[in-house]
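A.B. asks: Below is protein-v8.csv; it holds CSV, C-alpha atoms and all ligand atoms.
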```
chain,number,residue,atom,x,y,z
P,1,MET,CA,-21.1,-106.4,-108.7
P,2,ILE,CA,-21.3,-103.5,-111.1
P,3,LYS,CA,-18.5,-100.9,-110.9
P,4,ILE,CA,-18.8,-97.7,-113.0
P,5,PRO,CA,-15.7,-95.5,-112.8
P,6,ILE,CA,-16.4,-91.8,-113.1
P,7,SER,CA,-13.6,-89.5,-114.3
P,8,ALA,CA,-14.4,-85.9,-113.4
P,9,SER,CA,-12.4,-83.4,-111.3
P,10,LYS,CA,-12.2,-86.3,-108.8
P,11,LYS,CA,-12.1,-89.9,-110.0
P,12,TYR,CA,-14.4,-92.3,-108.1
P,13,ASP,CA,-16.4,-95.4,-108.6
P,14,VAL,CA,-20.1,-96.1,-108.4
P,15,ILE,CA,-20.4,-99.5,-107.0
P,16,MET,CA,-23.7,-101.4,-107.1
P,17,HIS,CA,-24.1,-104.7,-105.3
P,18,GLN,CA,-26.7,-106.4,-103.2
P,19,GLY,CA,-25.6,-106.3,-99.6
P,20,ILE,CA,-22.9,-103.8,-100.1
P,21,LEU,CA,-23.9,-101.8,-97.0
P,22,ASN,CA,-22.4,-104.7,-95.0
P,23,MET,CA,-19.1,-103.9,-96.5
P,24,ALA,CA,-19.3,-100.1,-96.6
P,25,GLY,CA,-16.3,-99.7,-94.2
P,26,PHE,CA,-14.1,-101.9,-96.4
P,27,TYR,CA,-15.0,-100.1,-99.7
P,28,ILE,CA,-14.6,-96.6,-98.2
P,29,LYS,CA,-11.2,-97.5,-96.8
P,30,GLU,CA,-10.1,-99.1,-100.0
P,31,SER,CA,-11.4,-96.4,-102.3
P,32,LEU,CA,-9.8,-93.6,-100.3
P,33,SER,CA,-6.6,-95.6,-99.8
P,34,LEU,CA,-6.9,-95.1,-96.1
P,35,LYS,CA,-4.0,-96.7,-94.1
P,36,ASP,CA,-4.1,-98.2,-90.7
P,37,ASP,CA,-2.0,-97.0,-87.8
P,38,PRO,CA,0.8,-99.7,-87.7
P,39,LEU,CA,0.7,-99.7,-83.9
P,40,THR,CA,-3.0,-100.4,-83.5
P,41,GLY,CA,-3.8,-102.0,-86.9
P,42,LYS,CA,-6.8,-99.6,-87.0
P,43,LEU,CA,-7.6,-96.3,-88.7
P,44,LYS,CA,-6.2,-93.5,-86.6
P,45,ASN,CA,-8.6,-90.7,-85.7
P,46,LYS,CA,-10.7,-91.0,-88.9
P,47,LYS,CA,-14.1,-89.6,-88.2
P,48,ILE,CA,-17.1,-90.1,-90.4
P,49,CYS,CA,-20.4,-88.4,-90.0
P,50,ILE,CA,-23.4,-90.2,-91.4
P,51,VAL,CA,-25.9,-87.5,-92.5
P,52,THR,CA,-29.4,-88.8,-92.9
P,53,ASP,CA,-33.1,-88.0,-92.5
P,54,ALA,CA,-35.5,-89.2,-89.9
P,55,THR,CA,-37.0,-91.9,-92.1
P,56,VAL,CA,-33.8,-93.4,-93.4
P,57,ASN,CA,-32.2,-93.2,-90.0
P,58,GLN,CA,-34.9,-95.6,-88.6
P,59,LEU,CA,-34.2,-98.0,-91.5
P,60,TYR,CA,-30.5,-98.0,-92.0
P,61,GLY,CA,-28.9,-95.4,-89.7
P,62,GLN,CA,-29.1,-97.2,-86.3
P,63,PRO,CA,-25.9,-98.2,-84.5
P,64,GLU,CA,-26.9,-101.9,-84.7
P,65,HIS,CA,-27.4,-101.7,-88.5
P,66,LYS,CA,-24.9,-103.3,-90.8
P,67,LEU,CA,-23.7,-100.0,-92.3
P,68,TYR,CA,-22.9,-98.5,-88.9
P,69,GLN,CA,-21.3,-101.7,-87.8
P,70,SER,CA,-19.2,-102.0,-90.9
P,71,LEU,CA,-17.8,-98.5,-90.5
P,72,LYS,CA,-16.9,-99.2,-86.9
P,73,ALA,CA,-15.4,-102.5,-87.7
P,74,TYR,CA,-13.1,-100.9,-90.2
P,75,GLY,CA,-11.9,-98.4,-87.6
P,76,PHE,CA,-14.0,-95.2,-88.3
P,77,GLN,CA,-15.2,-93.1,-85.4
P,78,VAL,CA,-18.8,-92.8,-86.4
P,79,HIS,CA,-21.0,-89.8,-85.7
P,80,LYS,CA,-24.4,-89.1,-87.0
P,81,PHE,CA,-26.4,-86.1,-87.9
P,82,VAL,CA,-30.2,-86.6,-88.4
P,83,PHE,CA,-32.5,-84.0,-89.9
P,84,ARG,CA,-36.2,-84.1,-90.5
P,85,GLY,CA,-36.0,-84.4,-94.3
P,86,GLY,CA,-38.3,-83.1,-96.9
P,87,GLU,CA,-37.9,-80.3,-99.4
P,88,GLU,CA,-38.3,-77.5,-96.8
P,89,THR,CA,-35.3,-78.8,-94.9
P,90,LYS,CA,-33.1,-78.6,-98.0
P,91,SER,CA,-32.1,-75.2,-96.7
P,92,MET,CA,-29.2,-73.1,-95.5
P,93,ASP,CA,-30.5,-73.6,-92.0
P,94,THR,CA,-29.8,-77.3,-92.2
P,95,ILE,CA,-26.4,-76.6,-93.7
P,96,GLU,CA,-25.5,-74.4,-90.8
P,97,GLU,CA,-26.7,-77.0,-88.3
P,98,ILE,CA,-24.5,-79.7,-90.0
P,99,LEU,CA,-21.5,-77.4,-90.0
P,100,ASP,CA,-22.0,-76.6,-86.3
P,101,PHE,CA,-22.4,-80.3,-85.5
P,102,LEU,CA,-19.1,-81.0,-87.3
P,103,THR,CA,-17.2,-78.3,-85.4
P,104,SER,CA,-18.7,-79.5,-82.1
P,105,LYS,CA,-17.3,-83.0,-82.9
P,106,GLY,CA,-13.9,-81.7,-83.9
P,107,PHE,CA,-14.1,-82.8,-87.6
P,108,THR,CA,-11.0,-81.8,-89.5
P,109,ARG,CA,-10.1,-81.7,-93.2
P,110,THR,CA,-9.1,-85.3,-93.3
P,111,ASP,CA,-12.5,-86.5,-91.9
P,112,LEU,CA,-15.5,-87.5,-94.0
P,113,LEU,CA,-19.2,-87.1,-94.4
P,114,LEU,CA,-21.5,-89.9,-95.6
P,115,ALA,CA,-24.8,-89.1,-97.2
P,116,LEU,CA,-27.3,-91.8,-96.4
P,117,GLY,CA,-30.6,-91.2,-98.1
P,118,GLY,CA,-32.3,-89.8,-101.1
P,119,GLY,CA,-31.6,-86.8,-103.2
P,120,ILE,CA,-32.2,-84.2,-100.6
P,121,VAL,CA,-29.9,-85.9,-98.1
P,122,GLY,CA,-27.2,-86.3,-100.8
P,123,ASP,CA,-27.5,-82.7,-102.0
P,124,VAL,CA,-27.4,-81.2,-98.5
P,125,THR,CA,-24.6,-83.4,-97.4
P,126,GLY,CA,-22.5,-82.7,-100.5
P,127,PHE,CA,-23.0,-79.0,-100.1
P,128,ALA,CA,-22.0,-79.1,-96.4
P,129,ALA,CA,-18.9,-81.2,-97.4
P,130,SER,CA,-18.0,-78.7,-100.1
P,131,ILE,CA,-17.8,-75.7,-97.7
P,132,TYR,CA,-16.8,-77.2,-94.4
P,133,LEU,CA,-13.2,-76.1,-93.9
P,134,ARG,CA,-13.3,-75.2,-97.6
P,135,GLY,CA,-14.0,-78.7,-98.6
P,136,ILE,CA,-13.9,-82.2,-97.2
P,137,ASP,CA,-14.5,-85.6,-98.7
P,138,PHE,CA,-17.9,-87.2,-98.8
P,139,ILE,CA,-19.4,-90.5,-99.8
P,140,GLN,CA,-22.9,-91.0,-101.4
P,141,VAL,CA,-25.0,-93.9,-100.2
P,142,PRO,CA,-28.3,-93.4,-102.1
P,143,THR,CA,-31.3,-95.2,-100.6
P,144,THR,CA,-33.7,-94.4,-103.4
P,145,LEU,CA,-33.7,-95.3,-107.1
P,146,LEU,CA,-34.0,-91.6,-108.0
P,147,ALA,CA,-30.9,-90.7,-106.0
P,148,CYS,CA,-29.0,-93.7,-107.4
P,149,VAL,CA,-29.6,-92.8,-111.0
P,150,ASP,CA,-29.3,-89.1,-110.8
P,151,SER,CA,-28.2,-87.0,-107.8
P,152,SER,CA,-25.6,-89.3,-106.2
P,153,VAL,CA,-23.5,-89.1,-109.3
P,154,GLY,CA,-22.0,-86.0,-110.9
P,155,GLY,CA,-21.3,-83.7,-108.0
P,156,LYS,CA,-24.2,-81.3,-108.1
P,157,THR,CA,-24.9,-80.3,-104.5
P,158,GLY,CA,-27.0,-77.6,-103.0
P,159,VAL,CA,-30.0,-76.3,-101.2
P,160,ASN,CA,-33.2,-74.4,-102.1
P,161,LEU,CA,-33.7,-70.7,-101.6
P,162,LYS,CA,-37.1,-68.9,-101.2
P,163,ALA,CA,-37.0,-68.1,-104.9
P,164,GLY,CA,-36.7,-71.6,-106.0
P,165,LYS,CA,-35.0,-75.0,-106.0
P,166,ASN,CA,-31.3,-75.6,-105.9
P,167,LEU,CA,-30.5,-71.9,-106.2
P,168,ALA,CA,-27.4,-72.2,-104.0
P,169,GLY,CA,-24.8,-74.9,-104.3
P,170,ALA,CA,-21.5,-76.1,-105.5
P,171,PHE,CA,-20.0,-78.7,-107.8
P,172,TRP,CA,-18.4,-81.1,-105.4
P,173,GLN,CA,-17.8,-84.7,-106.5
P,174,PRO,CA,-18.2,-87.5,-104.0
P,175,ARG,CA,-15.2,-89.9,-103.4
P,176,LEU,CA,-17.4,-93.0,-103.8
P,177,VAL,CA,-21.0,-94.0,-104.5
P,178,LEU,CA,-22.3,-97.2,-102.9
P,179,PHE,CA,-25.7,-98.5,-104.0
P,180,ASP,CA,-27.2,-101.5,-102.3
P,181,PRO,CA,-30.3,-102.6,-104.3
P,182,ASP,CA,-31.7,-104.2,-101.1
P,183,VAL,CA,-32.7,-100.7,-100.0
P,184,LEU,CA,-35.3,-100.6,-102.8
P,185,ALA,CA,-37.4,-103.1,-100.9
P,186,THR,CA,-38.5,-100.5,-98.5
P,187,LEU,CA,-39.5,-97.9,-101.1
P,188,SER,CA,-43.2,-97.2,-101.9
P,189,TYR,CA,-44.4,-97.7,-105.5
P,190,ASP,CA,-44.5,-93.9,-105.9
P,191,LEU,CA,-40.9,-93.5,-104.8
P,192,LEU,CA,-39.8,-96.2,-107.2
P,193,LEU,CA,-41.7,-94.4,-109.9
P,194,ASP,CA,-39.7,-91.2,-109.2
P,195,GLY,CA,-36.6,-93.2,-110.0
P,196,ILE,CA,-38.2,-94.8,-113.1
P,197,ALA,CA,-39.0,-91.3,-114.4
P,198,GLU,CA,-35.3,-90.3,-114.3
P,199,THR,CA,-34.3,-93.6,-115.8
P,200,ILE,CA,-36.8,-93.0,-118.7
P,201,LYS,CA,-35.2,-89.5,-119.0
P,202,ALA,CA,-31.7,-91.1,-119.4
P,203,GLY,CA,-33.1,-93.4,-122.1
P,204,MET,CA,-34.8,-90.5,-123.9
P,205,ILE,CA,-31.7,-88.3,-123.9
P,206,ALA,CA,-29.1,-90.9,-124.9
P,207,ASP,CA,-29.9,-94.6,-124.8
P,208,LYS,CA,-32.9,-96.2,-126.5
P,209,LEU,CA,-31.8,-99.6,-124.9
P,210,ILE,CA,-32.9,-98.3,-121.5
P,211,LEU,CA,-36.4,-97.7,-122.8
P,212,GLU,CA,-36.5,-101.1,-124.6
P,213,THR,CA,-35.4,-102.8,-121.4
P,214,ILE,CA,-38.0,-100.9,-119.3
P,215,ILE,CA,-40.8,-101.7,-121.8
P,216,ARG,CA,-39.9,-105.4,-121.9
P,217,LYS,CA,-40.0,-105.8,-118.2
P,218,ARG,CA,-42.1,-103.6,-116.0
P,219,ASN,CA,-41.8,-105.6,-112.8
P,220,LEU,CA,-40.7,-103.1,-110.1
P,221,ASP,CA,-40.2,-105.7,-107.4
P,222,ASP,CA,-37.2,-107.3,-109.1
P,223,PRO,CA,-34.0,-105.8,-107.7
P,224,GLU,CA,-31.9,-107.3,-110.5
P,225,PHE,CA,-34.0,-105.6,-113.2
P,226,LEU,CA,-33.9,-102.3,-111.2
P,227,THR,CA,-30.1,-102.6,-110.8
P,228,THR,CA,-29.7,-103.2,-114.6
P,229,ILE,CA,-31.7,-100.1,-115.6
P,230,ALA,CA,-30.1,-98.1,-112.8
P,231,SER,CA,-26.6,-99.0,-114.1
P,232,LEU,CA,-27.6,-98.1,-117.7
P,233,ALA,CA,-28.9,-94.7,-116.5
P,234,VAL,CA,-25.7,-94.1,-114.5
P,235,GLU,CA,-23.6,-94.9,-117.7
P,236,VAL,CA,-25.6,-92.2,-119.5
P,237,LYS,CA,-24.9,-89.8,-116.6
P,238,LYS,CA,-21.2,-90.7,-116.5
P,239,LYS,CA,-20.8,-89.9,-120.2
P,240,VAL,CA,-22.5,-86.5,-119.8
P,241,VAL,CA,-20.7,-85.5,-116.6
P,242,GLU,CA,-17.3,-86.5,-118.0
P,243,GLU,CA,-17.9,-84.4,-121.0
P,244,ASP,CA,-19.2,-81.3,-119.2
P,245,GLU,CA,-18.8,-81.5,-115.5
P,246,PHE,CA,-19.6,-77.9,-114.8
P,247,ASP,CA,-22.8,-77.7,-116.8
P,248,ASN,CA,-21.8,-75.3,-119.5
P,249,GLY,CA,-23.0,-77.3,-122.4
P,250,SER,CA,-24.0,-80.9,-122.9
P,251,ARG,CA,-24.7,-81.6,-119.2
P,252,GLN,CA,-27.8,-79.5,-119.7
P,253,LEU,CA,-29.2,-82.5,-121.6
P,254,LEU,CA,-29.8,-84.1,-118.2
P,255,ASN,CA,-32.4,-81.4,-117.6
P,256,PHE,CA,-34.8,-82.9,-120.1
P,257,GLY,CA,-38.3,-82.2,-118.6
P,258,HIS,CA,-36.7,-80.5,-115.6
P,259,THR,CA,-37.3,-76.8,-116.3
P,260,ILE,CA,-41.0,-77.4,-116.4
P,261,ALA,CA,-40.8,-80.1,-113.6
P,262,HIS,CA,-39.2,-77.5,-111.2
P,263,GLY,CA,-42.1,-75.2,-112.0
P,264,ILE,CA,-44.6,-78.0,-111.3
P,265,GLU,CA,-42.9,-78.8,-108.0
P,266,LYS,CA,-42.9,-75.2,-107.0
P,267,CYS,CA,-46.5,-74.5,-108.0
P,268,SER,CA,-47.7,-77.5,-106.1
P,269,ASN,CA,-45.7,-76.5,-103.0
P,270,TYR,CA,-43.6,-79.6,-103.5
P,271,LYS,CA,-46.6,-81.9,-103.1
P,272,ILE,CA,-45.9,-83.3,-106.6
P,273,SER,CA,-42.7,-85.2,-106.2
P,274,HIS,CA,-39.6,-84.6,-108.5
P,275,GLY,CA,-39.9,-87.7,-110.5
P,276,HIS,CA,-43.6,-87.4,-111.1
P,277,ALA,CA,-43.1,-83.7,-112.1
P,278,VAL,CA,-40.3,-84.8,-114.5
P,279,ALA,CA,-42.7,-87.3,-116.1
P,280,ILE,CA,-45.2,-84.5,-116.8
P,281,GLY,CA,-42.4,-82.1,-117.8
P,282,MET,CA,-41.0,-84.6,-120.3
P,283,LYS,CA,-44.4,-85.2,-121.8
P,284,ILE,CA,-45.1,-81.4,-122.2
P,285,VAL,CA,-41.7,-80.8,-123.9
P,286,ALA,CA,-42.1,-83.8,-126.2
P,287,VAL,CA,-45.6,-82.9,-127.3
P,288,ALA,CA,-44.7,-79.2,-127.8
P,289,SER,CA,-41.5,-80.2,-129.8
P,290,ASP,CA,-43.5,-82.6,-132.0
P,291,ARG,CA,-46.2,-80.0,-132.7
P,292,LEU,CA,-43.7,-77.3,-133.5
P,293,GLY,CA,-41.8,-79.7,-135.9
P,294,TRP,CA,-38.6,-79.3,-133.9
P,295,THR,CA,-37.9,-83.1,-133.9
P,296,ILE,CA,-36.3,-85.4,-136.5
P,297,GLU,CA,-38.6,-88.2,-135.5
P,298,LYS,CA,-41.7,-87.6,-133.4
P,299,SER,CA,-41.3,-89.1,-129.9
P,300,SER,CA,-44.2,-87.9,-127.8
P,301,GLU,CA,-46.5,-90.8,-128.5
P,302,GLN,CA,-43.9,-93.4,-127.6
P,303,LEU,CA,-42.8,-91.5,-124.5
P,304,ILE,CA,-46.4,-91.1,-123.3
P,305,GLU,CA,-47.1,-94.8,-123.9
P,306,ILE,CA,-44.1,-95.8,-121.7
P,307,LEU,CA,-45.1,-93.3,-119.0
P,308,GLU,CA,-48.7,-94.4,-119.1
P,309,ARG,CA,-47.7,-98.1,-118.6
P,310,PHE,CA,-46.4,-97.1,-115.2
P,311,LYS,CA,-49.5,-95.1,-114.5
P,312,PHE,CA,-47.8,-91.8,-114.1
P,313,PRO,CA,-50.4,-89.1,-113.7
P,314,LEU,CA,-49.7,-87.0,-116.8
P,315,ASP,CA,-52.3,-84.2,-116.6
P,316,CYS,CA,-50.7,-80.9,-115.7
P,317,PRO,CA,-52.7,-79.1,-113.0
P,318,PHE,CA,-51.1,-75.7,-113.8
P,319,SER,CA,-51.3,-73.3,-116.7
P,320,ALA,CA,-48.5,-72.6,-119.2
P,321,TRP,CA,-48.3,-69.1,-117.7
P,322,GLU,CA,-47.9,-70.4,-114.1
P,323,LEU,CA,-45.2,-72.9,-115.2
P,324,ALA,CA,-43.3,-70.3,-117.2
P,325,GLU,CA,-43.3,-67.9,-114.3
P,326,ALA,CA,-42.0,-70.5,-111.9
P,327,ALA,CA,-39.5,-71.9,-114.4
P,328,LEU,CA,-38.0,-68.5,-115.1
P,329,ALA,CA,-37.0,-68.1,-111.4
P,330,ASP,CA,-35.0,-71.3,-112.1
P,331,LYS,CA,-31.2,-71.0,-112.4
P,332,LYS,CA,-31.3,-72.4,-115.9
P,333,ARG,CA,-32.2,-69.0,-117.3
P,334,ARG,CA,-29.3,-67.2,-118.8
P,335,GLY,CA,-30.1,-63.5,-119.5
P,336,ASP,CA,-32.9,-63.0,-121.9
P,337,ASN,CA,-32.7,-66.6,-123.2
P,338,ILE,CA,-33.4,-70.0,-121.7
P,339,THR,CA,-32.0,-73.3,-123.0
P,340,ILE,CA,-34.5,-76.1,-123.1
P,341,VAL,CA,-33.9,-79.8,-123.9
P,342,ILE,CA,-36.0,-81.2,-126.7
P,343,PRO,CA,-36.1,-84.7,-128.1
P,344,ALA,CA,-34.6,-85.0,-131.6
P,345,ALA,CA,-35.9,-88.6,-131.6
P,346,ILE,CA,-36.3,-91.4,-129.1
P,347,GLY,CA,-32.9,-91.9,-127.4
P,348,LYS,CA,-31.5,-88.6,-128.6
P,349,CYS,CA,-32.1,-85.1,-127.2
P,350,ARG,CA,-30.6,-81.8,-128.1
P,351,LEU,CA,-30.4,-78.3,-126.6
P,352,LYS,CA,-32.4,-75.4,-128.0
P,353,THR,CA,-32.1,-71.9,-126.8
P,354,ILE,CA,-35.3,-69.8,-127.0
P,355,PRO,CA,-36.1,-66.2,-125.8
P,356,VAL,CA,-37.5,-66.1,-122.3
P,357,ALA,CA,-40.5,-64.3,-123.8
P,358,LYS,CA,-41.4,-67.4,-125.8
P,359,LEU,CA,-41.3,-70.0,-123.0
P,360,GLU,CA,-44.9,-69.7,-122.0
P,361,GLN,CA,-46.0,-70.2,-125.7
P,362,PHE,CA,-43.8,-73.2,-126.0
P,363,ILE,CA,-45.2,-74.8,-122.8
P,364,ALA,CA,-48.7,-74.0,-124.0
P,365,TYR,CA,-48.1,-76.2,-127.0
P,366,GLY,CA,-47.4,-79.1,-124.7
P,367,VAL,CA,-50.0,-78.4,-122.0
P,368,ASN,CA,-53.1,-77.8,-124.2
P,369,ASN,CA,-53.5,-81.1,-126.0
P,401,LIG,N1,-29.5,-83.8,-112.3
P,401,LIG,C1,-28.9,-83.1,-113.4
P,401,LIG,C2,-27.4,-83.1,-113.3
P,401,LIG,O1,-26.8,-83.7,-112.5
P,401,LIG,O2,-26.9,-82.3,-114.1
```
Give the structure from the file, written as structure tokens.

C.D. replies:
Amino acid sequence: MIKIPISASKKYDVIMHQGILNMAGFYIKESLSLKDDPLTGKLKNKKICIVTDATVNQLYGQPEHKLYQSLKAYGFQVHKFVFRGGEETKSMDTIEEILDFLTSKGFTRTDLLLALGGGIVGDVTGFAASIYLRGIDFIQVPTTLLACVDSSVGGKTGVNLKAGKNLAGAFWQPRLVLFDPDVLATLSYDLLLDGIAETIKAGMIADKLILETIIRKRNLDDPEFLTTIASLAVEVKKKVVEEDEFDNGSRQLLNFGHTIAHGIEKCSNYKISHGHAVAIGMKIVAVASDRLGWTIEKSSEQLIEILERFKFPLDCPFSAWELAEAALADKKRRGDNITIVIPAAIGKCRLKTIPVAKLEQFIAYGVNN
């Protein structure tokens, strides 16, 4: 078992262990120090609402599944809210539906939400938890590698607005993150790649060892290898989040490749997935930074080599102008400037603030190669 304690505005553990969904009830009860009613020897009136999407619901959300069973066995009153899933359901409408569901089931401030799914489920559930009755606790149970290494840790929650991704949200830390590597067995290669892209990002910004580990072994059907790289990536995230939980400084490092990636996702109507867009975004930024001489050591060749080994499609189907337009609607813009993350070398990134007017030119250096 791997346990990574996170010390932010809330303290919580990220626990990774094969088969942990069997024991979810136990770990939630223990982590939140929930006490049994001495008369019944069971939790008293503790409701938990599993929030999940239609796909994950079929796989892990059914009443006969071990997660559900474990919650019941430890005395939780289990409710479930299922939404369709997909980027277009990461919306205020879904939030309202969740809040209405919770009121209809009589959820109070001492009850809990449990996000069972990928990043969209985690972000939506976390945001609903952050505003329901001015904030209730929630648990993250990521079912993708991407959600495990990124969105389930660090407390960024939110939804998309018409103008762009994640434009409404809150910082709201979970009380526990439970990751069962067994869930990776049901992921497609492309979904695994989405997680690999974020893991490579973690390596690029702060830990060369992750990249070395990934290069040494590329076998994506080995849960032990995936758990190892996931835990290394979560360690990177832990460090960054503990230093700058509210994203005023160094946490922006986690956005390496993301400003452009969000533009790619938006321009493609979200047909290009987040991780695949991040791979292209990282490549564009690394190439542009190398060309402009902004790096200490050039990194783009090595980064491209790693990405190509996993067969990430790296050609960008959009122009620098389109990407800059889309990126500037992104919330990372601050006034007339935008902060981008550039590699100083492999395993070390830094922040660079450039005028908004120069973004298109910067992207063009990375796209036109
Ligand atoms: N996914 C970037 C962050 O958590 O800051």

A.B. asks: So which residues are near ligand LIG 401 (chain P), meaning at most 8 Å away with all atoms listed in the file counted, given back as a count of residues only?

C.D. replies: 14

A.B. asks: Rounded to one decimal in Å, what is the spacing between atom CA of P:Gln361 and atom CA of P:Ala261?

C.D. replies: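 Value for the atom CA of P:Gln361-atom CA of P:Ala261 distance: 16.5 Å.
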
A.B. asks: Skip stretch 106-116 of chain P itself and residues of its chain fewer than 6 positions away, then list as a PyMOL selection string all residues within 9 Å of it, counting only C-alpha atoms.

C.D. replies: chain P and resi 45-53+56-57+60-61+122-126+128-129+132-143

A.B. asks: Between P:Ile98, P:Ala233, P:Leu209, P:Leu145, single out the one closest to P:Asp190, counting all atoms listed in the file.

C.D. replies: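 Of P:Ile98, P:Ala233, P:Leu209, P:Leu145, the one nearest P:Asp190, counting all atoms listed in the file, is P:Leu145.
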
A.B. asks: Name the residues in contact with P:Thr259 at a cut-off of 8 Å, using only C-alpha atoms, excluding same-chain residues fewer than 2 positions from it; report them as an mmCIF file with C-alpha atoms, in the frame of the given file.

C.D. replies:
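Once everything was written out, this is selection_31.cif:
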```cif
data_model
loop_
_atom_site.group_PDB
_atom_site.id
_atom_site.type_symbol
_atom_site.label_atom_id
_atom_site.label_comp_id
_atom_site.auth_asym_id
_atom_site.auth_seq_id
_atom_site.Cartn_x
_atom_site.Cartn_y
_atom_site.Cartn_z
ATOM 1 C CA ASN P 255 -32.400 -81.400 -117.600
ATOM 2 C CA PHE P 256 -34.800 -82.900 -120.100
ATOM 3 C CA GLY P 257 -38.300 -82.200 -118.600
ATOM 4 C CA ALA P 261 -40.800 -80.100 -113.600
ATOM 5 C CA HIS P 262 -39.200 -77.500 -111.200
ATOM 6 C CA GLY P 263 -42.100 -75.200 -112.000
ATOM 7 C CA GLY P 281 -42.400 -82.100 -117.800
ATOM 8 C CA ALA P 327 -39.500 -71.900 -114.400
ATOM 9 C CA ASP P 330 -35.000 -71.300 -112.100
ATOM 10 C CA LYS P 332 -31.300 -72.400 -115.900
ATOM 11 C CA ILE P 340 -34.500 -76.100 -123.100
#
```

A.B. asks: Find the residues near P:Ser300: any atom within 9 Å, counting only C-alpha atoms, skip ones fewer than 4 places away on the same chain, and give them as a list in words.

C.D. replies: Met282, Lys283, Ile284, Val285, Ala286, Val287, Ala288, Ser289, Asp290, Ile304, Glu305, Pro343 and Ile346 of chain P

A.B. asks: For atom CA of P:Lys3 and atom CA of P:Leu67, determine how far apart the two atoms are, in Å to one decimal place.

C.D. replies: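 Taking atom CA of P:Lys3 as the start and atom CA of P:Leu67 as the end point, the length is 19.3 Å.
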
A.B. asks: Hey, can you check how far atom CA of P:Gly117 sits from atom CA of P:Asp194?

C.D. replies: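 Here the two named atoms are 14.4 Å from each other.
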
A.B. asks: Pick out the closest residue to P:Thr144 from this set: P:Lys72, P:Gly275, P:Met23, P:Gly203. Count only C-alpha atoms.

C.D. replies: P:Gly275

A.B. asks: Nearest to P:Pro223: which of P:Gln18, P:Ser273, P:Thr157, P:Asn166 is it, counting all atoms listed in the file?

C.D. replies: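 Using all atoms listed in the file, P:Pro223 sits closest to P:Gln18.
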
A.B. asks: Find the spatial neighbours of P:Met92, counting all atoms listed in the file, within a cut-off of 12 Å - ignore same-chain residues fewer than 3 positions away - and output them as a list in words.

C.D. replies: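 Within the cut-off, the hits are Glu87, Glu88, Thr89, Ile95, Glu96, Glu97, Ile98, Leu99, Asp123, Val124, Thr125, Phe127, Ala128, Ile131, Gly158, Val159, Asn160, Leu161, Lys162, Asn166, Leu167, Ala168 and Gly169 of chain P.
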
A.B. asks: What does the file look like for those residues with C-alpha atoms, as a tab-separated table (two decimals), keeping the file's coordinate frame?

C.D. replies:
```tsv
chain	number	residue	atom	x	y	z
P	87	GLU	CA	-37.90	-80.30	-99.40
P	88	GLU	CA	-38.30	-77.50	-96.80
P	89	THR	CA	-35.30	-78.80	-94.90
P	95	ILE	CA	-26.40	-76.60	-93.70
P	96	GLU	CA	-25.50	-74.40	-90.80
P	97	GLU	CA	-26.70	-77.00	-88.30
P	98	ILE	CA	-24.50	-79.70	-90.00
P	99	LEU	CA	-21.50	-77.40	-90.00
P	123	ASP	CA	-27.50	-82.70	-102.00
P	124	VAL	CA	-27.40	-81.20	-98.50
P	125	THR	CA	-24.60	-83.40	-97.40
P	127	PHE	CA	-23.00	-79.00	-100.10
P	128	ALA	CA	-22.00	-79.10	-96.40
P	131	ILE	CA	-17.80	-75.70	-97.70
P	158	GLY	CA	-27.00	-77.60	-103.00
P	159	VAL	CA	-30.00	-76.30	-101.20
P	160	ASN	CA	-33.20	-74.40	-102.10
P	161	LEU	CA	-33.70	-70.70	-101.60
P	162	LYS	CA	-37.10	-68.90	-101.20
P	166	ASN	CA	-31.30	-75.60	-105.90
P	167	LEU	CA	-30.50	-71.90	-106.20
P	168	ALA	CA	-27.40	-72.20	-104.00
P	169	GLY	CA	-24.80	-74.90	-104.30
```

A.B. asks: Given the choices P:Pro317, P:Leu39, P:Val149, P:Phe310, which gets closest to P:Glu235 if the distance is worked out from all atoms listed in the file?

C.D. replies: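 The shortest atom-to-atom distance to P:Glu235 comes from P:Val149.
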
A.B. asks: For each of P:Gly19, P:Pro63, P:Gly195, P:Gly293, take the minimum atom-to-atom distance to P:Ala277, counting only C-alpha atoms, then give the residue where this is smallest.

C.D. replies: P:Gly195

A.B. asks: Could you please give me, as a ChimeraX atom specification, the residues of protein, DNA or RNA lying at most 12 Å from (-13.1, -91.7, -101.9) in the coordinate frame of the file, considering only C-alpha atoms?

C.D. replies: /P:5-6,10-15,24-34,110-114,136-140,173-178

A.B. asks: Just checking: using all atoms listed in the file, which residue out of P:Ser9, P:Ser91, P:Ser152, P:Thr186 ends up closest to P:Leu59?

C.D. replies: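 Smallest separation from P:Leu59 among the options: P:Thr186.
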